[in-house]
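Listing of data.csv, CSV, C-alpha atoms
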```csv
chain,number,residue,atom,x,y,z
R,1,MET,CA,68.8,112.4,84.2
R,2,ASN,CA,65.4,111.2,85.4
R,3,PRO,CA,65.2,107.6,86.6
R,4,VAL,CA,62.4,107.1,84.2
R,5,ASN,CA,65.1,106.4,81.6
R,6,TYR,CA,65.6,103.0,83.3
R,7,LEU,CA,61.9,102.3,82.5
R,8,TYR,CA,62.5,103.1,78.9
R,9,LEU,CA,65.5,100.8,78.9
R,10,ALA,CA,63.4,98.0,80.5
R,11,ALA,CA,60.7,98.5,77.9
R,12,LEU,CA,63.2,98.3,75.1
R,13,LEU,CA,64.8,95.1,76.4
R,14,PHE,CA,61.4,93.6,77.0
R,15,THR,CA,60.4,94.4,73.4
R,16,ILE,CA,63.6,92.9,72.0
R,17,GLY,CA,63.0,89.7,74.1
R,18,ALA,CA,59.4,89.5,72.8
R,19,ALA,CA,60.4,90.0,69.2
R,20,GLY,CA,63.1,87.3,69.7
R,21,VAL,CA,60.5,84.8,71.0
R,22,LEU,CA,58.5,85.4,67.8
R,23,VAL,CA,61.5,85.4,65.4
R,24,ARG,CA,63.9,82.7,66.6
R,25,ARG,CA,63.4,79.0,66.0
R,26,ASN,CA,66.0,77.4,68.3
R,27,ALA,CA,64.3,76.4,71.6
R,28,ILE,CA,67.4,77.4,73.7
R,29,VAL,CA,67.5,80.9,72.2
R,30,LEU,CA,63.7,81.2,72.8
R,31,PHE,CA,64.5,80.5,76.5
R,32,MET,CA,67.2,83.1,76.5
R,33,CYS,CA,64.7,85.6,75.1
R,34,VAL,CA,62.2,84.8,77.9
R,35,GLU,CA,65.1,85.3,80.4
R,36,LEU,CA,65.7,88.7,78.8
R,37,MET,CA,62.1,89.7,79.3
R,38,LEU,CA,62.2,88.6,82.9
R,39,ASN,CA,65.3,90.7,83.4
R,40,ALA,CA,63.7,93.7,81.8
R,41,SER,CA,60.7,93.4,84.2
R,42,ASN,CA,63.2,93.1,87.1
R,43,LEU,CA,64.8,96.3,86.0
R,44,ALA,CA,61.4,98.0,85.9
R,45,LEU,CA,60.6,96.6,89.4
R,46,VAL,CA,63.8,97.9,90.9
R,47,THR,CA,63.2,101.3,89.3
R,48,PHE,CA,59.7,101.4,90.7
R,49,SER,CA,61.1,100.6,94.1
R,50,ARG,CA,63.3,103.6,93.8
R,51,LEU,CA,60.6,105.9,92.5
R,52,HIS,CA,58.4,104.9,95.5
R,53,GLY,CA,61.1,104.9,98.1
R,54,THR,CA,60.1,101.4,99.4
R,55,LEU,CA,61.9,98.1,99.1
R,56,ASP,CA,58.8,96.1,98.1
R,57,GLY,CA,59.7,96.2,94.4
R,58,GLN,CA,63.1,94.8,95.1
R,59,VAL,CA,61.5,91.9,97.1
R,60,ILE,CA,59.2,91.2,94.1
R,61,ALA,CA,62.2,91.3,91.7
R,62,PHE,CA,64.0,88.8,94.1
R,63,PHE,CA,61.0,86.4,93.9
R,64,THR,CA,61.0,86.9,90.1
R,65,MET,CA,64.6,85.7,90.0
R,66,VAL,CA,63.8,82.6,92.0
R,67,VAL,CA,60.9,81.8,89.8
R,68,ALA,CA,63.1,82.4,86.7
R,69,ALA,CA,65.7,80.0,88.1
R,70,ALA,CA,63.1,77.3,88.6
R,71,GLU,CA,61.6,77.9,85.2
R,72,VAL,CA,65.0,77.6,83.5
R,73,VAL,CA,65.8,74.3,85.2
R,74,VAL,CA,62.6,72.7,84.2
R,75,GLY,CA,62.6,74.2,80.7
R,76,LEU,CA,66.1,73.1,79.9
R,77,ALA,CA,65.3,69.6,81.1
R,78,ILE,CA,62.4,69.6,78.7
R,79,ILE,CA,64.6,70.8,75.9
R,80,VAL,CA,67.2,68.1,76.6
R,81,SER,CA,64.5,65.3,76.7
R,82,ILE,CA,63.0,66.6,73.5
R,83,PHE,CA,66.4,66.7,71.9
R,84,ARG,CA,67.0,63.1,72.9
R,85,THR,CA,63.9,61.8,71.2
R,86,ARG,CA,63.7,64.1,68.2
R,87,HIS,CA,67.5,64.9,67.7
R,88,SER,CA,66.7,68.6,67.1
R,89,ALA,CA,66.3,71.7,69.3
R,90,SER,CA,64.3,73.6,66.7
R,91,VAL,CA,60.7,74.4,67.7
R,92,ASP,CA,59.6,73.7,64.1
R,93,ASP,CA,60.5,70.1,64.4
R,94,SER,CA,58.3,69.4,67.4
R,95,ASN,CA,55.1,68.8,65.5
R,96,LEU,CA,53.9,65.6,67.0
R,97,MET,CA,50.8,67.2,68.5
R,98,LYS,CA,49.9,69.0,65.3
R,99,LEU,CA,46.6,68.0,63.7
W,1,MET,CA,74.1,104.8,98.9
W,2,ILE,CA,74.7,106.1,95.4
W,3,ALA,CA,71.0,106.5,94.9
W,4,GLY,CA,70.7,109.0,97.8
W,5,LEU,CA,72.2,111.9,95.8
W,6,ALA,CA,70.0,114.8,94.7
W,7,GLU,CA,66.8,113.0,95.0
W,8,ALA,CA,64.4,115.8,95.9
W,9,THR,CA,65.1,117.6,92.6
W,10,GLY,CA,63.9,114.6,90.5
W,11,THR,CA,67.2,114.1,88.7
W,12,THR,CA,70.1,111.8,89.5
W,13,SER,CA,73.8,112.7,89.7
W,14,THR,CA,75.7,113.3,86.5
W,15,GLY,CA,77.9,110.3,87.2
W,16,GLU,CA,74.9,108.0,87.3
W,17,ALA,CA,73.6,109.6,84.0
W,18,VAL,CA,76.9,108.8,82.3
W,19,GLN,CA,76.9,105.3,83.7
W,20,PHE,CA,73.4,104.8,82.6
W,21,TRP,CA,74.0,105.8,79.0
W,22,VAL,CA,77.1,103.6,78.8
W,23,LEU,CA,75.3,100.6,80.3
W,24,ALA,CA,72.2,101.1,78.3
W,25,VAL,CA,74.2,100.9,75.1
W,26,VAL,CA,75.9,97.7,76.3
W,27,ALA,CA,72.6,96.2,77.4
W,28,VAL,CA,70.6,97.0,74.2
W,29,GLY,CA,73.6,95.9,72.1
W,30,GLY,CA,73.8,92.6,73.9
W,31,ALA,CA,70.1,92.1,73.6
W,32,LEU,CA,70.2,92.8,69.9
W,33,GLY,CA,73.2,90.6,69.5
W,34,MET,CA,71.3,87.8,71.2
W,35,LEU,CA,68.4,88.3,68.8
W,36,LEU,CA,70.5,88.5,65.7
W,37,MET,CA,73.4,86.0,66.3
W,38,ARG,CA,72.8,82.7,64.4
W,39,LYS,CA,74.7,80.5,66.8
W,40,ALA,CA,73.2,79.7,70.2
W,41,VAL,CA,76.6,80.1,71.9
W,42,HIS,CA,77.0,83.6,70.7
W,43,SER,CA,73.5,84.5,71.8
W,44,ALA,CA,74.2,83.1,75.3
W,45,LEU,CA,77.4,85.3,75.6
W,46,CYS,CA,75.6,88.4,74.4
W,47,LEU,CA,72.8,87.7,76.9
W,48,ALA,CA,75.5,87.4,79.7
W,49,ALA,CA,76.8,90.8,78.7
W,50,THR,CA,73.3,92.3,79.0
W,51,MET,CA,72.8,90.7,82.4
W,52,LEU,CA,76.0,92.1,83.7
W,53,ALA,CA,75.1,95.6,82.5
W,54,LEU,CA,71.7,95.2,84.2
W,55,ALA,CA,73.4,94.0,87.5
W,56,VAL,CA,75.4,97.3,87.6
W,57,CYS,CA,72.1,99.2,86.9
W,58,TYR,CA,70.6,97.5,89.9
W,59,MET,CA,73.5,98.5,92.1
W,60,ALA,CA,73.4,102.1,90.9
W,61,GLN,CA,69.7,102.2,91.9
W,62,GLY,CA,70.4,101.2,95.4
W,63,ALA,CA,69.5,97.5,95.0
W,64,VAL,CA,72.9,96.2,96.0
W,65,PHE,CA,71.7,92.8,97.1
W,66,LEU,CA,69.8,92.3,93.8
W,67,GLY,CA,72.8,93.3,91.8
W,68,VAL,CA,75.0,90.7,93.5
W,69,VAL,CA,72.3,88.1,93.2
W,70,GLN,CA,71.9,89.0,89.5
W,71,ILE,CA,75.6,88.3,88.9
W,72,VAL,CA,75.7,85.1,91.0
W,73,VAL,CA,72.4,83.5,90.0
W,74,TYR,CA,71.8,84.8,86.5
W,75,THR,CA,75.2,85.3,85.0
W,76,GLY,CA,76.8,82.6,87.0
W,77,ALA,CA,74.3,79.8,87.4
W,78,ILE,CA,71.6,80.3,84.8
W,79,MET,CA,73.9,81.2,81.9
W,80,MET,CA,76.2,78.4,82.9
W,81,LEU,CA,73.2,76.0,82.6
W,82,PHE,CA,72.3,77.5,79.3
W,83,LEU,CA,75.9,77.0,78.0
W,84,PHE,CA,75.9,73.5,79.3
W,85,VAL,CA,72.7,72.6,77.4
W,86,VAL,CA,74.0,74.4,74.3
W,87,MET,CA,77.1,72.2,74.4
W,88,LEU,CA,75.0,69.1,75.0
W,89,VAL,CA,72.6,69.8,72.1
W,90,GLY,CA,75.3,70.7,69.6
W,91,VAL,CA,77.4,73.8,69.7
W,92,THR,CA,77.4,74.2,65.9
W,93,SER,CA,73.7,74.0,65.4
W,94,GLU,CA,72.4,77.1,63.7
W,95,ASP,CA,69.0,78.5,63.0
W,96,SER,CA,67.9,77.9,59.5
W,97,LEU,CA,67.1,81.1,57.6
W,98,LYS,CA,64.1,79.4,55.8
W,99,GLU,CA,60.8,80.8,56.9
W,100,GLN,CA,58.2,78.2,57.8
W,101,LEU,CA,55.3,80.6,57.7
W,102,LYS,CA,55.4,83.1,54.9
W,103,GLY,CA,56.0,86.7,56.1
W,104,GLN,CA,56.2,85.6,59.7
W,105,ARG,CA,59.5,87.4,60.4
W,106,PHE,CA,58.2,90.7,59.0
W,107,ALA,CA,54.9,90.3,60.9
W,108,ALA,CA,56.9,89.5,64.1
W,109,ALA,CA,59.1,92.6,63.6
W,110,LEU,CA,56.0,94.7,63.1
W,111,CYS,CA,54.3,93.3,66.2
W,112,GLY,CA,57.5,93.9,68.2
W,113,LEU,CA,57.7,97.5,67.0
W,114,GLY,CA,54.0,98.2,67.8
W,115,PHE,CA,54.4,96.6,71.2
W,116,GLY,CA,57.5,98.7,72.0
W,117,VAL,CA,55.7,101.9,70.8
W,118,LEU,CA,52.8,101.1,73.1
W,119,LEU,CA,55.1,100.5,76.1
W,120,VAL,CA,57.1,103.6,75.6
W,121,ALA,CA,54.0,105.7,75.0
W,122,GLY,CA,52.6,104.4,78.3
W,123,ILE,CA,55.7,105.3,80.2
W,124,ALA,CA,55.9,108.7,78.6
W,125,ASN,CA,52.3,109.5,79.5
W,126,ALA,CA,52.8,108.6,83.1
W,127,LYS,CA,53.6,111.6,85.4
W,128,LEU,CA,56.9,110.5,86.8
W,129,ASP,CA,58.9,113.7,87.1
W,130,HIS,CA,59.5,113.3,90.9
W,131,PHE,CA,61.0,110.3,92.7
W,132,THR,CA,61.5,109.5,96.3
W,133,GLY,CA,64.8,107.6,96.3
W,134,LEU,CA,65.9,104.8,98.6
W,135,SER,CA,68.1,106.7,101.0
W,136,GLU,CA,65.5,106.4,103.8
W,137,ALA,CA,64.5,102.8,103.0
W,138,ASN,CA,68.2,101.8,102.8
W,139,ALA,CA,69.1,103.6,106.0
W,140,GLU,CA,69.9,100.5,107.9
W,141,GLY,CA,71.4,98.8,104.9
W,142,ASN,CA,69.9,97.2,101.8
W,143,VAL,CA,70.2,93.6,103.0
W,144,PRO,CA,68.6,94.1,106.4
W,145,GLY,CA,65.8,96.1,104.9
W,146,LEU,CA,65.1,93.3,102.4
W,147,ALA,CA,65.4,90.7,105.1
W,148,ARG,CA,62.9,92.6,107.2
W,149,LEU,CA,60.3,92.6,104.4
W,150,ILE,CA,61.0,89.0,103.2
W,151,PHE,CA,60.6,87.5,106.7
W,152,THR,CA,57.7,89.5,107.8
W,153,ARG,CA,55.3,90.7,105.1
W,154,TYR,CA,56.4,88.3,102.4
W,155,VAL,CA,57.1,85.2,104.5
W,156,TRP,CA,54.3,83.2,103.0
W,157,ALA,CA,55.6,83.9,99.4
W,158,PHE,CA,59.1,83.0,100.7
W,159,GLU,CA,57.9,79.6,101.9
W,160,VAL,CA,56.0,78.9,98.7
W,161,THR,CA,59.2,79.8,96.8
W,162,GLY,CA,60.9,77.0,98.7
W,163,ALA,CA,58.3,74.5,97.6
W,164,LEU,CA,58.6,75.8,94.1
W,165,LEU,CA,62.4,75.2,94.1
W,166,ILE,CA,62.0,71.7,95.4
W,167,THR,CA,59.4,70.9,92.8
W,168,ALA,CA,61.6,72.3,90.0
W,169,ALA,CA,64.6,70.3,91.2
W,170,ILE,CA,62.6,67.1,91.3
W,171,GLY,CA,60.9,67.9,88.0
W,172,ALA,CA,64.3,68.4,86.3
W,173,MET,CA,65.5,65.0,87.7
W,174,VAL,CA,62.3,63.2,86.5
W,175,LEU,CA,62.4,64.8,83.1
W,176,THR,CA,66.1,64.0,82.4
W,177,HIS,CA,66.1,60.6,84.0
W,178,ARG,CA,66.1,57.8,81.5
W,179,GLU,CA,64.4,54.5,82.5
W,180,HIS,CA,66.2,51.5,81.1
W,181,VAL,CA,63.7,49.3,79.3
W,182,LYS,CA,66.0,46.3,79.6
W,183,ALA,CA,69.1,45.8,81.7
W,184,PRO,CA,72.2,47.4,80.2
W,185,LYS,CA,74.6,45.0,78.8
W,186,THR,CA,77.7,44.2,80.9
W,187,GLN,CA,81.2,44.4,79.5
W,188,ARG,CA,81.4,40.7,79.2
W,189,GLU,CA,78.2,40.5,77.2
W,190,LEU,CA,79.4,43.3,74.9
W,191,ALA,CA,82.7,41.5,74.3
W,192,ALA,CA,80.9,38.2,73.5
W,193,GLN,CA,78.6,40.1,71.1
W,194,ARG,CA,81.6,41.7,69.3
W,195,VAL,CA,83.1,38.2,68.8
W,196,ARG,CA,79.8,36.8,67.7
W,197,ASP,CA,79.0,39.6,65.2
W,198,ASN,CA,82.7,39.6,64.0
W,199,LEU,CA,82.4,43.2,62.9
W,200,GLN,CA,85.1,44.8,65.0
W,201,VAL,CA,86.7,42.4,67.4
W,202,PRO,CA,89.8,44.5,68.4
W,203,PRO,CA,89.5,47.9,70.1
W,204,LEU,CA,88.5,50.9,67.9
W,205,PRO,CA,91.3,52.9,66.4
W,206,ALA,CA,92.2,56.1,68.1
W,207,PRO,CA,91.4,59.4,66.4
W,208,GLY,CA,94.0,61.9,65.2
W,209,VAL,CA,96.8,61.9,62.7
W,210,TYR,CA,100.2,61.4,64.2
W,211,ALA,CA,102.2,64.7,64.6
W,212,ARG,CA,99.7,66.7,62.6
W,213,HIS,CA,96.2,66.7,64.1
W,214,ASN,CA,95.4,65.1,67.4
W,215,ALA,CA,91.8,66.5,67.8
W,216,VAL,CA,89.1,63.9,68.4
W,217,ASP,CA,87.1,65.1,65.4
W,218,VAL,CA,89.9,64.2,62.9
W,219,PRO,CA,89.7,60.6,61.8
W,220,ALA,CA,92.9,58.5,61.9
W,221,LEU,CA,94.3,57.5,58.5
W,222,LEU,CA,94.6,54.0,57.3
W,223,PRO,CA,97.9,52.9,55.7
W,224,ASP,CA,96.7,53.9,52.2
W,225,GLY,CA,95.7,57.4,53.4
W,226,SER,CA,92.0,56.9,53.5
W,227,PRO,CA,90.1,58.1,56.7
W,228,ALA,CA,89.3,55.5,59.3
W,229,GLU,CA,85.7,56.5,60.2
W,230,LEU,CA,85.6,54.2,63.1
W,231,SER,CA,88.2,56.3,65.0
W,232,VAL,CA,85.8,59.2,65.4
W,233,ASN,CA,83.2,59.2,68.2
W,234,ALA,CA,79.8,58.0,67.1
W,235,THR,CA,78.1,61.2,68.4
W,236,LEU,CA,80.4,63.4,66.3
W,237,ARG,CA,79.8,61.2,63.3
W,238,GLU,CA,76.0,61.5,63.8
W,239,ARG,CA,76.2,65.3,64.0
W,240,GLY,CA,78.4,65.4,60.9
W,241,GLN,CA,81.2,67.2,62.8
W,242,VAL,CA,84.0,65.0,61.4
W,243,ARG,CA,87.0,67.1,60.1
W,244,ASP,CA,88.6,65.2,57.3
W,245,VAL,CA,92.2,65.7,56.5
W,246,SER,CA,92.6,62.6,54.3
W,247,GLU,CA,92.6,64.4,51.0
W,248,ASP,CA,95.9,66.1,51.7
W,249,MET,CA,97.4,62.9,53.0
W,250,GLN,CA,96.1,61.0,49.9
W,251,ARG,CA,97.6,63.5,47.6
W,252,ARG,CA,101.0,63.2,49.4
W,253,MET,CA,100.6,59.4,49.3
W,254,ALA,CA,99.9,59.5,45.6
W,255,GLU,CA,103.0,61.7,45.0
W,256,LEU,CA,105.1,59.3,47.1
W,257,GLU,CA,103.9,56.3,45.2
W,258,ASN,CA,104.4,57.9,41.8
W,259,ALA,CA,108.0,58.9,42.8
W,260,THR,CA,108.6,55.3,44.0
W,261,ALA,CA,107.2,53.9,40.8
W,262,ASP,CA,109.3,56.3,38.7
W,263,TRP,CA,112.4,55.3,40.6
W,264,LEU,CA,111.7,51.6,40.2
W,265,GLY,CA,110.8,52.1,36.5
W,266,ARG,CA,107.3,50.7,36.8
W,267,ALA,CA,104.1,52.1,35.4
W,268,SER,CA,102.7,54.6,37.9
W,269,SER,CA,99.1,53.5,37.8
W,270,GLU,CA,99.7,50.0,39.0
W,271,ARG,CA,97.2,50.1,41.8
W,272,PRO,CA,94.6,52.7,42.8
W,273,VAL,CA,95.7,55.1,45.5
W,274,VAL,CA,92.3,56.2,46.7
W,275,ALA,CA,90.8,53.5,48.7
W,276,ALA,CA,87.2,52.5,48.8
W,277,PRO,CA,85.2,53.8,51.8
W,278,ARG,CA,85.5,51.6,54.8
W,279,ARG,CA,82.4,49.8,56.1
W,280,SER,CA,80.7,51.2,59.1
W,281,LEU,CA,80.7,49.5,62.5
W,282,GLU,CA,76.9,49.3,62.8
W,283,PRO,CA,75.1,46.6,61.0
W,284,ALA,CA,72.8,48.0,58.2
W,285,GLY,CA,69.5,49.4,59.4
W,286,ASN,CA,70.4,49.6,63.1
W,287,HIS,CA,70.4,53.3,64.1
W,288,GLU,CA,69.3,52.7,67.6
W,289,PRO,CA,71.2,55.0,69.9
W,290,GLU,CA,73.3,53.1,72.5
W,291,GLU,CA,71.9,52.7,76.0
W,292,GLY,CA,75.0,53.9,77.7
W,293,GLU,CA,75.8,56.9,75.7
W,294,GLN,CA,76.1,60.4,77.1
```
What would you get if you wrote out this structure as structure tokens?
Amino acid sequence: MNPVNYLYLAALLFTIGAAGVLVRRNAIVLFMCVELMLNASNLALVTFSRLHGTLDGQVIAFFTMVVAAAEVVVGLAIIVSIFRTRHSASVDDSNLMKL
Amino acid sequence: MIAGLAEATGTTSTGEAVQFWVLAVVAVGGALGMLLMRKAVHSALCLAATMLALAVCYMAQGAVFLGVVQIVVYTGAIMMLFLFVVMLVGVTSEDSLKEQLKGQRFAAALCGLGFGVLLVAGIANAKLDHFTGLSEANAEGNVPGLARLIFTRYVWAFEVTGALLITAAIGAMVLTHREHVKAPKTQRELAAQRVRDNLQVPPLPAPGVYARHNAVDVPALLPDGSPAELSVNATLRERGQVRDVSEDMQRRMAELENATADWLGRASSERPVVAAPRRSLEPAGNHEPEEGEQ
């Protein structure tokens, strides 16, 4: 097996995550889809690191994980505060800024 | 290292190939499950399965440290946070199947398909039939190698990451902190207000039906068999998660009363068995959420 298959897997997971962001309406599930896309890119970075024989890709994947953790903390806090005021976690209900 | 096997030839070992195909099925299945499950909890569990499969993929590719971090940070901390918020927001909330924009789902599926085809075509066109492998880079161990890079070449990014984490922690605290507009009422003031309003002076009834259901979402039954709405938590009432068992009890009560009436020789329909719904605790028009809830 060629390690390029890992890249195909990453592309597939990224596509599923992107489609999920477009299809799903629940804000929490949207966030999970974004997490899946970040994970897919991490897998691609690890595979690149192996293809090149250097550890730089793994370092970048490590930083991606840190950024993802920070993003999830802030994003979920926003979802909780929206849920408190609007009593709904659906992105369709947040239309206060719509013209 | 596992990744150090048979690298010059451009193929991996058979064991890794078998592992890849098994894990790829698990990962894609989990991702599709996350996409298609209607309940957010099921989506979260599917995503956890995908992340575990990816962690094993990392380890198989020589990224042992990242694999462990993936399990600890992603599957442990982040998914736990997700589940926590799902429970907070309402575990039974489901996506509605109604489309807000006409044809949006079809268009989204089409876009996703096109995007995937583009990505796969790009990878397929790249000339990647040879790979170096990490046996040399991992010679002194994966963690020392990563540490050498993080603390030399990427030390600036590492420090910025620290600032980012501090900012995120403070941001989460600021976003979820609720400022009290007025001072919260003390217990004494609440008791005085209960007496003044004369709506519910004694403590609220406890939920559950003796010896049958003791869950908090089952309202207690009044002596005539009708449900005591006040015994269920206000949050569950607002979400509509009250599980009513009163119909069964009211039927039994009616049977009992009829039997008693027969035995006493009275007319069975002397008084109505089904009681009128009880009044609610809140005065009408006051749906303000309580200050101290949560």
Per residue of chain R within 6 Å of chain W, what are the shortest atom pair and its distance in Å to one decimal, counting only C-alpha atoms, with rows by chain and residue number, as CSV?
```
residue,atom,partner,partner_atom,distance
R:Met1,CA,W:Thr11,CA,5.1
R:Asn2,CA,W:Thr11,CA,4.7
R:Thr15,CA,W:Gly116,CA,5.4
R:Ala19,CA,W:Gly112,CA,5.0
R:Gly20,CA,W:Leu35,CA,5.5
R:Leu22,CA,W:Ala108,CA,5.7
R:Val23,CA,W:Arg105,CA,5.7
R:Arg50,CA,W:Gly133,CA,4.9
R:Leu51,CA,W:Phe131,CA,4.4
R:His52,CA,W:Thr132,CA,5.6
R:Gly53,CA,W:Leu134,CA,4.8
R:Thr54,CA,W:Ala137,CA,5.9
R:Ala70,CA,W:Ala168,CA,5.4
R:Val74,CA,W:Ala172,CA,5.1
R:Ala77,CA,W:Ala172,CA,5.4
```
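Pairwise distance (CA of Met37 in chain R, CA of Ala60 in chain W) equals 20.4 Å.
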Open item on the list: Would you compute the distance between CA of Ser49 in chain R and CA of Val72 in chain R? Give it in Å to one decimal.
Closed with: 25.6 Å
TODO: For Ala27 in chain R, please output as a PyMOL selection string all residues within 8 Å (counting all atoms listed in the file; exclusion window: fewer than 4 positions along the same chain).
DONE: chain R and resi 31+79+89-91
Open item on the list: Between CA of Val26 in chain W and CA of Ile16 in chain R, what distance in Å does the model show, to one decimal?
Closed with: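 Value for the CA of Val26 in chain W-CA of Ile16 in chain R distance: 13.9 Å.
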Box centre and edge lengths (Å, one decimal), axis-aligned, range 68-85 of chain R plus 3 Å each side, as JSON:
```
{"center_x": 64.4, "center_y": 72.1, "center_z": 79.9, "size_x": 11.6, "size_y": 26.6, "size_z": 23.4}
```
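If only C-alpha atoms are the atoms counted, then among W:Asn198, W:Gln241, W:Gln187, W:Asn125 the closest residue to Pro219 in chain W is W:Gln241.
Contact shell of Ser41 in chain R at 9 Å (all atoms listed in the file; same-chain neighbours under 5 positions omitted): Ala10, Ala11, Leu13, Phe14, Leu36, Val46, Ala61 and Thr64 of chain R.
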Open item on the list: Let me make sure I understand: among R:Asn95, R:Val80, R:Val29, R:Tyr6, which one has the smallest atom-to-atom distance to Leu45 in chain R if we use only C-alpha atoms?
Closed with: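 The closest residue to Leu45 in chain R is R:Tyr6.
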- [ ] Determine the nearest neighbour of Val4 in chain R from the options R:Leu55, R:Leu43, R:Leu30, R:Ala18, counting only C-alpha atoms.
- [x]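 Answer, going by the shortest atom-to-atom distance: R:Leu43.
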My structure is short of atoms at range 53-72 of chain R; please model N, CA and C atoms there, returning them as a tab-separated table (two decimals), keeping the file's coordinate frame.
```tsv
chain	number	residue	atom	x	y	z
R	53	GLY	N	60.36	104.75	96.84
R	53	GLY	CA	61.10	104.90	98.10
R	53	GLY	C	60.82	103.73	99.06
R	54	THR	N	60.27	102.62	98.59
R	54	THR	CA	60.10	101.40	99.40
R	54	THR	C	60.85	100.27	98.80
R	55	LEU	N	61.08	99.22	99.61
R	55	LEU	CA	61.90	98.10	99.10
R	55	LEU	C	60.99	96.97	98.55
R	56	ASP	N	59.66	97.17	98.51
R	56	ASP	CA	58.80	96.10	98.10
R	56	ASP	C	59.09	95.64	96.64
R	57	GLY	N	59.38	96.60	95.77
R	57	GLY	CA	59.70	96.20	94.40
R	57	GLY	C	60.90	95.35	94.30
R	58	GLN	N	61.91	95.63	95.14
R	58	GLN	CA	63.10	94.80	95.10
R	58	GLN	C	62.79	93.38	95.60
R	59	VAL	N	61.88	93.27	96.59
R	59	VAL	CA	61.50	91.90	97.10
R	59	VAL	C	60.83	91.15	95.96
R	60	ILE	N	59.94	91.85	95.21
R	60	ILE	CA	59.20	91.20	94.10
R	60	ILE	C	60.23	90.76	93.03
R	61	ALA	N	61.19	91.64	92.74
R	61	ALA	CA	62.20	91.30	91.70
R	61	ALA	C	63.01	90.07	92.21
R	62	PHE	N	63.28	90.00	93.50
R	62	PHE	CA	64.00	88.80	94.10
R	62	PHE	C	63.18	87.56	93.83
R	63	PHE	N	61.87	87.63	94.09
R	63	PHE	CA	61.00	86.40	93.90
R	63	PHE	C	60.99	86.09	92.37
R	64	THR	N	60.99	87.12	91.51
R	64	THR	CA	61.00	86.90	90.10
R	64	THR	C	62.27	86.07	89.70
R	65	MET	N	63.40	86.45	90.29
R	65	MET	CA	64.60	85.70	90.00
R	65	MET	C	64.53	84.28	90.40
R	66	VAL	N	63.95	84.03	91.57
R	66	VAL	CA	63.80	82.60	92.00
R	66	VAL	C	62.96	81.84	91.07
R	67	VAL	N	61.81	82.45	90.69
R	67	VAL	CA	60.90	81.80	89.80
R	67	VAL	C	61.60	81.52	88.43
R	68	ALA	N	62.39	82.51	87.97
R	68	ALA	CA	63.10	82.40	86.70
R	68	ALA	C	64.08	81.20	86.78
R	69	ALA	N	64.78	81.09	87.91
R	69	ALA	CA	65.70	80.00	88.10
R	69	ALA	C	65.02	78.65	87.98
R	70	ALA	N	63.90	78.53	88.68
R	70	ALA	CA	63.10	77.30	88.60
R	70	ALA	C	62.65	76.98	87.23
R	71	GLU	N	62.17	78.04	86.55
R	71	GLU	CA	61.60	77.90	85.20
R	71	GLU	C	62.73	77.41	84.24
R	72	VAL	N	63.93	77.98	84.38
R	72	VAL	CA	65.00	77.60	83.50
R	72	VAL	C	65.39	76.14	83.69
```
